[in-house]
Every structure is written in C-alpha cells, then in structure tokens.
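Source file: upload_16.cif; contents: mmCIF, C-alpha atoms.
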```
data_model
#
loop_
_atom_site.group_PDB
_atom_site.id
_atom_site.type_symbol
_atom_site.label_atom_id
_atom_site.label_comp_id
_atom_site.auth_asym_id
_atom_site.auth_seq_id
_atom_site.Cartn_x
_atom_site.Cartn_y
_atom_site.Cartn_z
ATOM 1 C CA MET A 72 -43.209 37.296 -8.849
ATOM 2 C CA ASN A 73 -46.773 36.941 -7.646
ATOM 3 C CA ALA A 74 -49.883 39.054 -8.187
ATOM 4 C CA ILE A 75 -52.069 40.273 -5.341
ATOM 5 C CA MET A 76 -55.554 41.187 -6.578
ATOM 6 C CA ILE A 77 -57.806 43.373 -4.420
ATOM 7 C CA MET A 78 -61.556 43.922 -4.830
ATOM 8 C CA TYR A 79 -62.797 46.921 -2.873
ATOM 9 C CA HIS A 80 -65.857 49.138 -2.662
ATOM 10 C CA LYS A 81 -65.229 51.531 0.248
ATOM 11 C CA ASN A 82 -62.658 52.977 2.689
ATOM 12 C CA THR A 83 -59.966 54.245 0.318
ATOM 13 C CA GLU A 84 -57.829 55.221 3.324
ATOM 14 C CA GLN A 85 -57.909 51.595 4.469
ATOM 15 C CA ILE A 86 -56.744 50.445 1.021
ATOM 16 C CA GLU A 87 -53.749 52.774 1.349
ATOM 17 C CA ARG A 88 -52.757 51.096 4.609
ATOM 18 C CA MET A 89 -53.386 47.640 3.190
ATOM 19 C CA VAL A 90 -51.224 48.355 0.124
ATOM 20 C CA ASN A 91 -48.448 49.699 2.340
ATOM 21 C CA THR A 92 -48.440 46.519 4.453
ATOM 22 C CA LEU A 93 -48.669 44.170 1.451
ATOM 23 C CA SER A 94 -45.879 45.952 -0.423
ATOM 24 C CA SER A 95 -43.020 43.518 -1.038
ATOM 25 C CA GLU A 96 -40.326 42.825 -3.615
ATOM 26 C CA ASN A 97 -41.995 39.553 -4.626
ATOM 27 C CA PHE A 98 -45.515 40.885 -5.206
ATOM 28 C CA ASP A 99 -47.217 43.344 -7.527
ATOM 29 C CA ILE A 100 -50.637 44.674 -6.539
ATOM 30 C CA PHE A 101 -53.719 44.931 -8.756
ATOM 31 C CA ILE A 102 -56.825 46.782 -7.630
ATOM 32 C CA HIS A 103 -60.418 46.792 -8.816
ATOM 33 C CA ALA A 104 -62.438 49.692 -7.398
ATOM 34 C CA ASP A 105 -66.191 49.156 -7.540
ATOM 35 C CA SER A 106 -67.844 51.302 -10.210
ATOM 36 C CA ASN A 107 -70.194 52.762 -7.563
ATOM 37 C CA LEU A 108 -67.187 54.093 -5.644
ATOM 38 C CA VAL A 109 -66.114 57.661 -6.335
ATOM 39 C CA LEU A 110 -62.364 57.362 -6.921
ATOM 40 C CA SER A 111 -60.455 60.464 -7.949
ATOM 41 C CA ASP A 112 -57.034 60.578 -9.591
ATOM 42 C CA GLU A 113 -55.761 61.982 -6.292
ATOM 43 C CA ASP A 114 -57.103 58.912 -4.458
ATOM 44 C CA LYS A 115 -55.383 56.624 -6.967
ATOM 45 C CA ASN A 116 -52.100 58.485 -6.609
ATOM 46 C CA LYS A 117 -52.243 58.166 -2.801
ATOM 47 C CA ILE A 118 -52.840 54.424 -3.053
ATOM 48 C CA VAL A 119 -49.977 53.970 -5.509
ATOM 49 C CA ALA A 120 -47.689 56.094 -3.329
ATOM 50 C CA ALA A 121 -48.543 53.935 -0.293
ATOM 51 C CA SER A 122 -46.498 51.099 -1.772
ATOM 52 C CA ALA A 123 -42.817 51.413 -1.029
ATOM 53 C CA ILE A 124 -41.769 48.450 -3.199
ATOM 54 C CA SER A 125 -44.578 46.747 -5.125
ATOM 55 C CA LYS A 126 -45.898 48.133 -8.386
ATOM 56 C CA VAL A 127 -49.583 49.037 -8.097
ATOM 57 C CA TYR A 128 -52.048 48.857 -10.992
ATOM 58 C CA PHE A 129 -55.771 49.605 -11.321
ATOM 59 C CA THR A 130 -58.083 47.740 -13.664
ATOM 60 C CA GLU A 131 -59.192 49.903 -16.566
ATOM 61 C CA ASN A 132 -62.690 48.415 -16.560
ATOM 62 C CA ARG A 133 -64.763 48.737 -13.408
ATOM 63 C CA HIS A 134 -67.914 46.817 -12.494
ATOM 64 C CA HIS A 135 -70.420 47.079 -9.693
ATOM 65 C CA GLY A 136 -70.151 44.006 -7.483
ATOM 66 C CA VAL A 137 -73.477 42.571 -6.344
ATOM 67 C CA LEU A 138 -73.668 39.623 -3.957
ATOM 68 C CA ASN A 139 -74.945 36.320 -5.358
ATOM 69 C CA THR A 140 -74.438 37.365 -8.996
ATOM 70 C CA ASP A 141 -71.852 36.791 -11.712
ATOM 71 C CA SER A 142 -70.626 40.385 -11.284
ATOM 72 C CA LEU A 143 -68.098 39.237 -8.680
ATOM 73 C CA VAL A 144 -66.702 36.576 -11.034
ATOM 74 C CA LYS A 145 -66.429 39.210 -13.770
ATOM 75 C CA ILE A 146 -64.473 41.455 -11.410
ATOM 76 C CA GLU A 147 -62.103 38.606 -10.564
ATOM 77 C CA ILE A 148 -61.618 37.787 -14.248
ATOM 78 C CA GLU A 149 -60.928 41.484 -14.904
ATOM 79 C CA LEU A 150 -58.246 41.469 -12.212
ATOM 80 C CA ILE A 151 -56.637 38.301 -13.594
ATOM 81 C CA LYS A 152 -56.550 39.673 -17.150
ATOM 82 C CA THR A 153 -55.097 42.980 -15.965
ATOM 83 C CA ALA A 154 -52.364 41.135 -14.077
ATOM 84 C CA LYS A 155 -51.571 38.809 -16.983
ATOM 85 C CA ALA A 156 -51.191 41.824 -19.276
ATOM 86 C CA CYS A 157 -48.596 43.330 -16.927
ATOM 87 C CA GLY A 158 -46.275 40.413 -16.307
ATOM 88 C CA ASP A 159 -45.672 36.716 -15.742
ATOM 89 C CA TYR A 160 -46.788 35.779 -12.248
ATOM 90 C CA LYS A 161 -46.554 32.372 -10.589
ATOM 91 C CA TYR A 162 -49.436 32.878 -8.176
ATOM 92 C CA PHE A 163 -52.577 35.032 -8.182
ATOM 93 C CA LEU A 164 -53.892 35.927 -4.694
ATOM 94 C CA LEU A 165 -57.481 37.194 -4.420
ATOM 95 C CA LEU A 166 -58.259 39.515 -1.494
ATOM 96 C CA SER A 167 -61.062 41.848 -0.520
ATOM 97 C CA GLY A 168 -60.513 45.466 0.427
ATOM 98 C CA GLN A 169 -61.316 44.548 4.031
ATOM 99 C CA ASP A 170 -58.628 41.865 4.317
ATOM 100 C CA TYR A 171 -55.315 42.264 6.111
ATOM 101 C CA PRO A 172 -52.270 39.990 6.312
ATOM 102 C CA ILE A 173 -51.661 38.176 9.586
ATOM 103 C CA LYS A 174 -48.428 36.545 8.344
ATOM 104 C CA PRO A 175 -45.450 38.488 6.892
ATOM 105 C CA MET A 176 -45.219 38.720 3.122
ATOM 106 C CA LYS A 177 -41.744 37.126 3.186
ATOM 107 C CA TYR A 178 -43.210 34.040 4.811
ATOM 108 C CA ILE A 179 -46.088 33.926 2.311
ATOM 109 C CA ASN A 180 -43.717 34.257 -0.633
ATOM 110 C CA LYS A 181 -41.408 31.496 0.622
ATOM 111 C CA THR A 182 -44.327 29.136 1.199
ATOM 112 C CA LEU A 183 -45.681 29.818 -2.280
ATOM 113 C CA ASN A 184 -42.282 29.170 -3.834
ATOM 114 C CA ASP A 185 -41.986 25.888 -1.932
ATOM 115 C CA SER A 186 -45.541 24.837 -2.838
ATOM 116 C CA TYR A 187 -45.734 25.747 -6.544
ATOM 117 C CA PRO A 188 -47.905 24.830 -8.451
ATOM 118 C CA LYS A 189 -50.303 23.786 -5.675
ATOM 119 C CA PRO A 190 -53.625 25.711 -5.591
ATOM 120 C CA PHE A 191 -54.835 27.050 -2.236
ATOM 121 C CA ILE A 192 -58.601 26.976 -2.566
ATOM 122 C CA ASP A 193 -61.496 25.931 -0.341
ATOM 123 C CA CYS A 194 -63.109 23.103 -2.305
ATOM 124 C CA THR A 195 -66.059 20.954 -1.191
ATOM 125 C CA PRO A 196 -67.626 18.399 -3.583
ATOM 126 C CA TYR A 197 -71.325 18.471 -4.402
ATOM 127 C CA ASP A 198 -73.550 16.159 -2.403
ATOM 128 C CA LYS A 199 -77.340 16.235 -2.429
ATOM 129 C CA HIS A 200 -77.312 16.636 1.365
ATOM 130 C CA ASN A 201 -74.663 19.361 1.740
ATOM 131 C CA TRP A 202 -74.669 23.140 1.347
ATOM 132 C CA VAL A 203 -73.155 23.019 -2.158
ATOM 133 C CA SER A 204 -76.305 21.388 -3.572
ATOM 134 C CA SER A 205 -78.413 24.527 -3.060
ATOM 135 C CA LYS A 206 -76.216 26.458 -5.491
ATOM 136 C CA PHE A 207 -77.378 24.336 -8.435
ATOM 137 C CA SER A 208 -81.048 23.791 -7.536
ATOM 138 C CA TYR A 209 -82.418 26.081 -10.259
ATOM 139 C CA ASN A 210 -81.603 27.329 -13.742
ATOM 140 C CA ASP A 211 -81.891 30.923 -14.928
ATOM 141 C CA LYS A 212 -85.629 30.717 -15.677
ATOM 142 C CA THR A 213 -86.670 28.822 -12.559
ATOM 143 C CA MET A 214 -84.444 31.089 -10.465
ATOM 144 C CA LYS A 215 -86.542 34.036 -11.649
ATOM 145 C CA LEU A 216 -89.660 32.162 -10.580
ATOM 146 C CA ARG A 217 -88.114 31.500 -7.173
ATOM 147 C CA LYS A 218 -87.242 35.169 -6.704
ATOM 148 C CA TYR A 219 -90.783 36.151 -7.673
ATOM 149 C CA LEU A 220 -92.457 33.716 -5.264
ATOM 150 C CA LEU A 221 -90.119 34.337 -2.342
ATOM 151 C CA GLY A 222 -90.273 38.067 -2.956
ATOM 152 C CA LYS A 223 -93.932 38.062 -1.967
ATOM 153 C CA ARG A 224 -93.255 39.022 1.610
ATOM 154 C CA LYS A 225 -96.414 41.096 2.108
ATOM 155 C CA GLY A 226 -99.405 39.530 3.807
ATOM 156 C CA PRO A 227 -99.512 36.509 6.104
ATOM 157 C CA LEU A 228 -96.517 34.636 4.660
ATOM 158 C CA SER A 229 -94.015 33.993 7.450
ATOM 159 C CA THR A 230 -90.339 33.171 7.150
ATOM 160 C CA TYR A 231 -91.278 29.566 7.846
ATOM 161 C CA SER A 232 -93.846 29.412 5.036
ATOM 162 C CA LEU A 233 -91.423 31.047 2.612
ATOM 163 C CA GLY A 234 -88.875 28.374 3.519
ATOM 164 C CA ALA A 235 -91.457 25.667 2.886
ATOM 165 C CA ILE A 236 -92.248 27.169 -0.524
ATOM 166 C CA ASP A 237 -88.541 27.132 -1.373
ATOM 167 C CA VAL A 238 -88.195 23.438 -0.431
ATOM 168 C CA ILE A 239 -91.277 22.427 -2.440
ATOM 169 C CA LEU A 240 -90.237 24.473 -5.451
ATOM 170 C CA ARG A 241 -86.707 23.044 -5.355
ATOM 171 C CA LYS A 242 -88.025 19.485 -5.380
ATOM 172 C CA LEU A 243 -90.421 20.257 -8.238
ATOM 173 C CA VAL A 244 -87.679 21.902 -10.301
ATOM 174 C CA LYS A 245 -85.379 18.907 -9.791
ATOM 175 C CA TYR A 246 -88.166 16.454 -10.663
ATOM 176 C CA LEU A 247 -88.781 18.335 -13.920
ATOM 177 C CA HIS A 248 -85.002 18.549 -14.609
ATOM 178 C CA LEU A 249 -85.120 22.346 -14.714
ATOM 179 C CA ASP A 250 -82.056 22.814 -12.530
ATOM 180 C CA TYR A 251 -78.408 23.509 -13.302
ATOM 181 C CA TYR A 252 -77.391 20.303 -11.538
ATOM 182 C CA THR A 253 -79.116 18.207 -14.221
ATOM 183 C CA SER A 254 -77.814 20.304 -17.094
ATOM 184 C CA LEU A 255 -74.217 20.518 -15.880
ATOM 185 C CA THR A 256 -73.838 16.883 -14.883
ATOM 186 C CA LYS A 257 -75.108 15.853 -18.316
ATOM 187 C CA GLN A 258 -72.082 17.744 -19.657
ATOM 188 C CA ASN A 259 -69.810 15.824 -17.246
ATOM 189 C CA ILE A 260 -69.131 18.913 -15.149
ATOM 190 C CA GLU A 261 -68.176 17.959 -11.584
ATOM 191 C CA LEU A 262 -69.631 20.399 -9.073
ATOM 192 C CA PHE A 263 -67.795 22.002 -6.145
ATOM 193 C CA GLY A 264 -68.158 24.988 -3.845
ATOM 194 C CA GLY A 265 -66.154 26.930 -1.295
ATOM 195 C CA SER A 266 -64.912 30.290 -0.075
ATOM 196 C CA GLU A 267 -64.536 33.089 -2.602
ATOM 197 C CA TRP A 268 -60.982 33.833 -1.457
ATOM 198 C CA TRP A 269 -58.313 31.747 -3.166
ATOM 199 C CA ILE A 270 -54.666 31.621 -4.254
ATOM 200 C CA LEU A 271 -54.167 29.963 -7.651
ATOM 201 C CA PRO A 272 -51.041 29.161 -9.720
ATOM 202 C CA ASP A 273 -50.509 30.388 -13.267
ATOM 203 C CA VAL A 274 -51.188 26.976 -14.869
ATOM 204 C CA CYS A 275 -54.625 26.977 -13.275
ATOM 205 C CA VAL A 276 -55.403 30.631 -14.029
ATOM 206 C CA ASN A 277 -54.353 30.234 -17.682
ATOM 207 C CA TYR A 278 -56.778 27.338 -18.083
ATOM 208 C CA ILE A 279 -59.617 29.283 -16.437
ATOM 209 C CA ILE A 280 -59.147 32.331 -18.674
ATOM 210 C CA SER A 281 -58.970 30.154 -21.784
ATOM 211 C CA GLU A 282 -62.231 28.397 -20.904
ATOM 212 C CA TYR A 283 -63.937 31.629 -19.799
ATOM 213 C CA ASP A 284 -63.204 33.232 -23.173
ATOM 214 C CA SER A 285 -64.161 30.113 -25.156
ATOM 215 C CA GLY A 286 -67.894 30.799 -25.216
ATOM 216 C CA LYS A 287 -68.704 27.215 -24.243
ATOM 217 C CA PRO A 288 -72.310 26.783 -23.010
ATOM 218 C CA TYR A 289 -71.336 25.395 -19.609
ATOM 219 C CA ILE A 290 -69.468 28.612 -18.741
ATOM 220 C CA LYS A 291 -72.647 30.655 -19.109
ATOM 221 C CA GLU A 292 -74.498 28.169 -16.914
ATOM 222 C CA LEU A 293 -71.822 28.286 -14.217
ATOM 223 C CA LEU A 294 -72.157 32.068 -14.138
ATOM 224 C CA GLY A 295 -75.930 31.750 -13.668
ATOM 225 C CA VAL A 296 -75.956 29.622 -10.517
ATOM 226 C CA ARG A 297 -76.606 31.000 -7.030
ATOM 227 C CA THR A 298 -73.476 32.710 -5.633
ATOM 228 C CA PRO A 299 -71.245 31.814 -8.616
ATOM 229 C CA ASP A 300 -68.279 33.432 -6.837
ATOM 230 C CA GLU A 301 -68.403 30.467 -4.421
ATOM 231 C CA THR A 302 -68.530 27.775 -7.109
ATOM 232 C CA PHE A 303 -67.049 28.973 -10.417
ATOM 233 C CA PHE A 304 -63.359 28.960 -9.462
ATOM 234 C CA GLN A 305 -63.680 25.729 -7.491
ATOM 235 C CA ILE A 306 -65.222 23.933 -10.481
ATOM 236 C CA MET A 307 -62.743 25.398 -12.942
ATOM 237 C CA THR A 308 -59.754 24.610 -10.722
ATOM 238 C CA MET A 309 -60.923 20.995 -10.508
ATOM 239 C CA ARG A 310 -61.053 20.870 -14.318
ATOM 240 C CA SER A 311 -57.583 22.377 -14.690
ATOM 241 C CA PRO A 312 -54.153 20.669 -14.853
ATOM 242 C CA SER A 313 -53.815 21.515 -11.140
ATOM 243 C CA ARG A 314 -56.767 19.404 -9.965
ATOM 244 C CA ASN A 315 -54.673 16.591 -8.455
ATOM 245 C CA LEU A 316 -52.863 19.093 -6.209
ATOM 246 C CA VAL A 317 -56.024 20.436 -4.561
ATOM 247 C CA ASP A 318 -56.780 19.449 -0.960
ATOM 248 C CA VAL A 319 -60.455 18.570 -1.447
ATOM 249 C CA ASN A 320 -62.684 18.835 1.636
ATOM 250 C CA PRO A 321 -64.918 16.035 2.919
ATOM 251 C CA LYS A 322 -68.463 16.389 1.556
ATOM 252 C CA ASP A 323 -69.877 17.212 4.986
ATOM 253 C CA LYS A 324 -67.373 19.997 5.763
ATOM 254 C CA VAL A 325 -68.968 23.374 6.464
ATOM 255 C CA SER A 326 -66.101 25.500 7.822
ATOM 256 C CA GLN A 327 -63.840 27.167 5.276
ATOM 257 C CA SER A 328 -60.416 25.767 4.354
ATOM 258 C CA CYS A 329 -58.457 28.576 2.763
ATOM 259 C CA LYS A 330 -55.680 31.001 3.644
ATOM 260 C CA THR A 331 -58.160 33.756 4.548
ATOM 261 C CA PHE A 332 -59.922 33.519 7.904
ATOM 262 C CA ALA A 333 -63.410 34.996 8.203
ATOM 263 C CA TYR A 334 -65.120 35.237 11.599
ATOM 264 C CA PHE A 335 -68.657 34.019 10.872
ATOM 265 C CA HIS A 336 -69.387 32.605 14.318
ATOM 266 C CA CYS A 337 -68.806 35.108 17.099
ATOM 267 C CA LYS A 338 -69.364 34.094 20.732
ATOM 268 C CA GLY A 339 -72.588 35.546 22.053
ATOM 269 C CA LYS A 340 -73.639 36.874 18.639
ATOM 270 C CA PRO A 341 -76.000 35.286 16.100
ATOM 271 C CA PHE A 342 -74.916 33.965 12.705
ATOM 272 C CA VAL A 343 -75.835 36.699 10.225
ATOM 273 C CA GLY A 344 -74.479 35.264 6.972
ATOM 274 C CA HIS A 345 -71.444 37.529 6.707
ATOM 275 C CA PRO A 346 -68.239 37.908 8.741
ATOM 276 C CA TYR A 347 -68.003 40.070 11.841
ATOM 277 C CA GLU A 348 -65.440 42.890 11.841
ATOM 278 C CA PHE A 349 -62.309 42.273 13.916
ATOM 279 C CA THR A 350 -61.472 44.529 16.850
ATOM 280 C CA ILE A 351 -58.578 44.668 19.311
ATOM 281 C CA SER A 352 -60.392 42.109 21.477
ATOM 282 C CA ASP A 353 -59.839 39.523 18.720
ATOM 283 C CA ILE A 354 -56.039 39.748 18.619
ATOM 284 C CA GLU A 355 -55.521 36.427 20.451
ATOM 285 C CA LEU A 356 -57.880 34.673 18.034
ATOM 286 C CA LEU A 357 -55.998 36.130 15.076
ATOM 287 C CA SER A 358 -52.698 35.088 16.634
ATOM 288 C CA GLU A 359 -53.975 31.530 17.046
ATOM 289 C CA LYS A 360 -55.170 31.386 13.440
ATOM 290 C CA SER A 361 -51.865 32.735 12.192
ATOM 291 C CA GLU A 362 -49.581 30.543 14.286
ATOM 292 C CA LYS A 363 -51.461 27.269 14.816
ATOM 293 C CA ASP A 364 -53.588 27.099 11.656
ATOM 294 C CA ASP A 365 -51.104 28.807 9.307
ATOM 295 C CA ILE A 366 -53.684 31.324 8.076
ATOM 296 C CA TRP A 367 -52.178 34.176 6.051
ATOM 297 C CA PHE A 368 -54.977 36.756 5.803
ATOM 298 C CA ALA A 369 -58.105 37.663 7.766
ATOM 299 C CA ARG A 370 -61.329 39.552 7.057
ATOM 300 C CA LYS A 371 -63.191 41.753 7.844
ATOM 301 C CA PHE A 372 -61.380 44.795 9.155
ATOM 302 C CA ASP A 373 -62.896 48.274 9.127
ATOM 303 C CA LEU A 374 -60.889 51.397 9.834
ATOM 304 C CA THR A 375 -64.068 53.275 10.827
ATOM 305 C CA ILE A 376 -64.999 50.647 13.449
ATOM 306 C CA ASP A 377 -61.596 49.918 15.024
ATOM 307 C CA SER A 378 -58.403 51.481 13.707
ATOM 308 C CA LYS A 379 -56.191 50.248 16.566
ATOM 309 C CA VAL A 380 -56.540 46.598 15.561
ATOM 310 C CA PHE A 381 -54.311 47.267 12.531
ATOM 311 C CA ASP A 382 -51.498 48.472 14.817
ATOM 312 C CA LEU A 383 -51.836 45.391 17.024
ATOM 313 C CA VAL A 384 -51.782 43.002 14.054
ATOM 314 C CA GLU A 385 -48.584 44.603 12.779
ATOM 315 C CA GLU A 386 -46.934 44.698 16.198
ATOM 316 C CA LYS A 387 -47.967 41.304 17.608
ATOM 317 C CA LEU A 388 -48.281 39.199 14.442
ATOM 318 C CA LEU A 389 -46.371 40.536 11.457
ATOM 319 C CA LYS A 390 -43.261 41.491 13.404
ATOM 320 C CA LYS A 391 -43.485 38.457 15.648
ATOM 321 C CA PHE A 392 -43.272 35.969 12.776
ATOM 322 C CA GLU A 393 -40.654 37.789 10.705
#
```

Could you rewrite the structure in this file as structure tokens?
Amino acid sequence: MNAIMIMYHKNTEQIERMVNTLSSENFDIFIHADSNLVLSDEDKNKIVAASAISKVYFTENRHHGVLNTDSLVKIEIELIKTAKACGDYKYFLLLSGQDYPIKPMKYINKTLNDSYPKPFIDCTPYDKHNWVSSKFSYNDKTMKLRKYLLGKRKGPLSTYSLGAIDVILRKLVKYLHLDYYTSLTKQNIELFGGSEWWILPDVCVNYIISEYDSGKPYIKELLGVRTPDETFFQIMTMRSPSRNLVDVNPKDKVSQSCKTFAYFHCKGKPFVGHPYEFTISDIELLSEKSEKDDIWFARKFDLTIDSKVFDLVEEKLLKKFE
C-alpha cells in the first residue's frame, strides 16, 4: 500500500473529483485542509464518499500554509505522521489540491513496486552560481533585515535599485558569515533544492521524521531558510539511507525533474513565478508529458477556470494508457 497526501486550501468540489479519480486499491488518501478554509463535516463526508475504494483520512491538526515559510514543511510533516499512524505504506506521494493524475493509478502503482525503494524527488546540488544558492544567503536575523530594507517600496526606490540592495546585502552577509550556508556547511550539511512535489519511500520518510523530531540545531536552521519547502526534503533525502538511489540533477539545471509537471513557461505569456492553470487547449501538451516524459501528475487545474479539461484528461489520457 502507498499513501497519497494532499495539501489543499480551496475548491472542495475539486478535491471530491480528485479523490474519486485517485481512488485505487493500492492507495490510501490523506488530506490536509488549510486552517483558513471553512470545512464543514458535510464537506468532509462528501470528500470521503467520493472515494470508491481508497480509505480517506483528514489530518487532525490544521495549519495555515504561507509561501516561503516553514508552514508548508509543517503541513507535509503533519500529513506524513497522520499516514504513518494509520498503516505501513511503502511510498508517500505529496500532491497539491490543484493536481490531477495524467497516468492511471494502476500504472503508477506498478512502477512504484518495480522501483522500490527509489525516491522520486527533484534534487539540484548547491552551487554559488545557481538558483539554490539564494535559499541559504541569509540567516533568521539577517533575513529580517532583508525584509525590512526591501519592504521600503515607497519613494524613489525602483525595482532595479531594490535588486541592487539585495545583491549588496547578500554579499555583505556572506562576508560576515551571517548566512545559513556558512552555518550549515560547518555542520557538514550538504545543500540541495528542487520542486516541492515528491514521492518518497518509507525508509527515507522514517529517517526524516526521526531527524525532524530530534531537536537537532540544524533542523531549525533548515526550516528558517528561504522557501524551505523547496530545500528541506531534498537535503533530508540526501542524508537518508536512500541517497544513493536519487537521480541528482546537474548543478546548472533549472527545469524541474519530478513526477509532477507544472507549466511555468506558457507561450506568449510572461513568467510570473507560479504555474499557469491548464485548460482544454493544453491537452496535447499534457499528453506529451504523460507519454514521452513519463510524468504522472500535473498542476495547476482549477474547476472554476476550466472544468472541461478534467473530462478530457480522463478520456484522452487516463483511459488511453490503461
């Protein structure tokens, strides 16, 4: 058995459909609903009833997820602990509430069984010239200073001048050894980054939970970096017994290497820092990602923007590859 873990903060009706499609004899489903979301017992019952086969559980503790903070890691840890309390699972699959499968669950289960205990995680090593380096450029105190200085957006300061301030401050912080890079590397912590969405085996997850609960100083520091949800699980996986099974990216790789496809670069549209929502016009792209690149999930989907795309995914992708 495997555990699917879903983080969601809106569109309860969409979660019902997602749970119905994910429902399979080889997967149980665990859900964390954001604490800012109004979720009635009736809503919960509808979501549970949407699953024809899988057991569906909700985390007892709920947190509010805020981008670029440790709240997202805490939510993921909450999901893992809830799943571990309910059964013995070989794999733990992290999804968002706006994900949707683009490969059948039978195929995903077979591949996981054949691959165990390989982790499926986007993992790029730290290099002073790549994007991962920016995540460790400050510590908790100097990060507060950065937020204060860059928050001064009133007056003549342009985006360009704010960027220049950030570069100068980053160099000064590193020179004075007031960054997490210096502190963590002194503790022999190898640094990595990657996509938040991963699939990890039990041997890896057990190690992560053990270290998370240990109270070791480096754990607190890892939770304090910029966007810890894009570094914590990569670093911990590469410290776990599963590290030699990880397909580590080249240091200069920018595109994501995981089983969840996010559409960050849309033709004719600017890069905005978050994925574009899929519509029916993207069905050929999704088909290509599913068939040629062996991608299993995609995000983002939004029922309020395009509800027909769900029907097309099921008809042209999920049934096609069964």

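Here CA of His134 in chain A and CA of Glu149 in chain A stand 9.1 Å from one another.
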
Practice problem: Find the residues around range 307-309 of chain A up to 9 Å (all atoms listed in the file counted), leave out those fewer than 5 positions away in its own chain, and share them as JSON, numbers by chain. | Solution: {"A": [190, 192, 194, 261, 262, 263, 271, 275, 276, 278, 279, 282, 302, 314, 315, 317]}

Exercise. Can you pull out every residue within 12 Å of Phe332 in chain A, counting only C-alpha atoms, but drop anything in the same chain fewer than 6 positions away, and send it as a ChimeraX atom specification?
Key: /A:166-167,169-174,193,266-269,326,346-349,356-361,364-372

Quiz item: For this file, the PyMOL selection byres ((chain A and resi 100) around 6) selects which residues, as a ChimeraX atom specification?
Solution: /A:74-75,99,101,127

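With only the atoms specified (only C-alpha atoms) counting, those residues at most 8 Å away from (-67.1, 16.9, 0.1) are A:Cys194, A:Thr195, A:Pro196, A:Tyr197, A:Asp198, A:Val319, A:Asn320, A:Pro321, A:Lys322, A:Asp323, A:Lys324.
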
Quiz item: What does the PyMOL selection byres ((chain A and resi 387) around 10) select in this file, as an NGL selection string?
Solution: :A and (173 or 354-355 or 357-358 or 382-386 or 388-392)

Self-check item: Chain and number of each residue from the PyMOL selection byres ((chain A and resi 208) around 10), as a PyMOL selection string
Solution: chain A and resi 199+203-207+209-210+213-214+240-242+244-245+248-253+296-297

Exercise. Rank A:Leu143, A:Cys329, A:Ala104, A:Ile376 by their smallest atom-to-atom distance to Gly295 in chain A, using only C-alpha atoms, and report the top residue only.
Key: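 Among the listed residues, A:Leu143 lies closest to Gly295 in chain A.
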
Put the listed atoms of range 149-164 of chain A in a box along x, y and z with 8 Å added on every side and give me the centre and edge lengths in Å to one decimal, as JSON.
```
{"center_x": -53.3, "center_y": 37.9, "center_z": -12.0, "size_x": 31.3, "size_y": 27.0, "size_z": 30.6}
```

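Between CA of Ile102 in chain A and CA of Val90 in chain A the separation is 9.7 Å.
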
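With all atoms listed in the file taken into account, every residue lying no more than 12 Å from the file point (-58.3, 28.3, -19.0) is included here: Ile148, Ile151, Lys152, Pro272, Asp273, Val274, Cys275, Val276, Asn277, Tyr278, Ile279, Ile280, Ser281, Glu282, Tyr283, Asp284, Ser285, Gly286, Lys287, Ile290, Phe304, Ile306, Met307, Thr308, Met309, Arg310, Ser311, Pro312 and Ser313 of chain A.
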
Quiz prompt | Test item: residues at most 9 Å from Tyr289 in chain A, only C-alpha atoms, excluding those fewer than 4 positions along its chain, as a ChimeraX atom specification | solution = /A:254-255,258,260,293-294
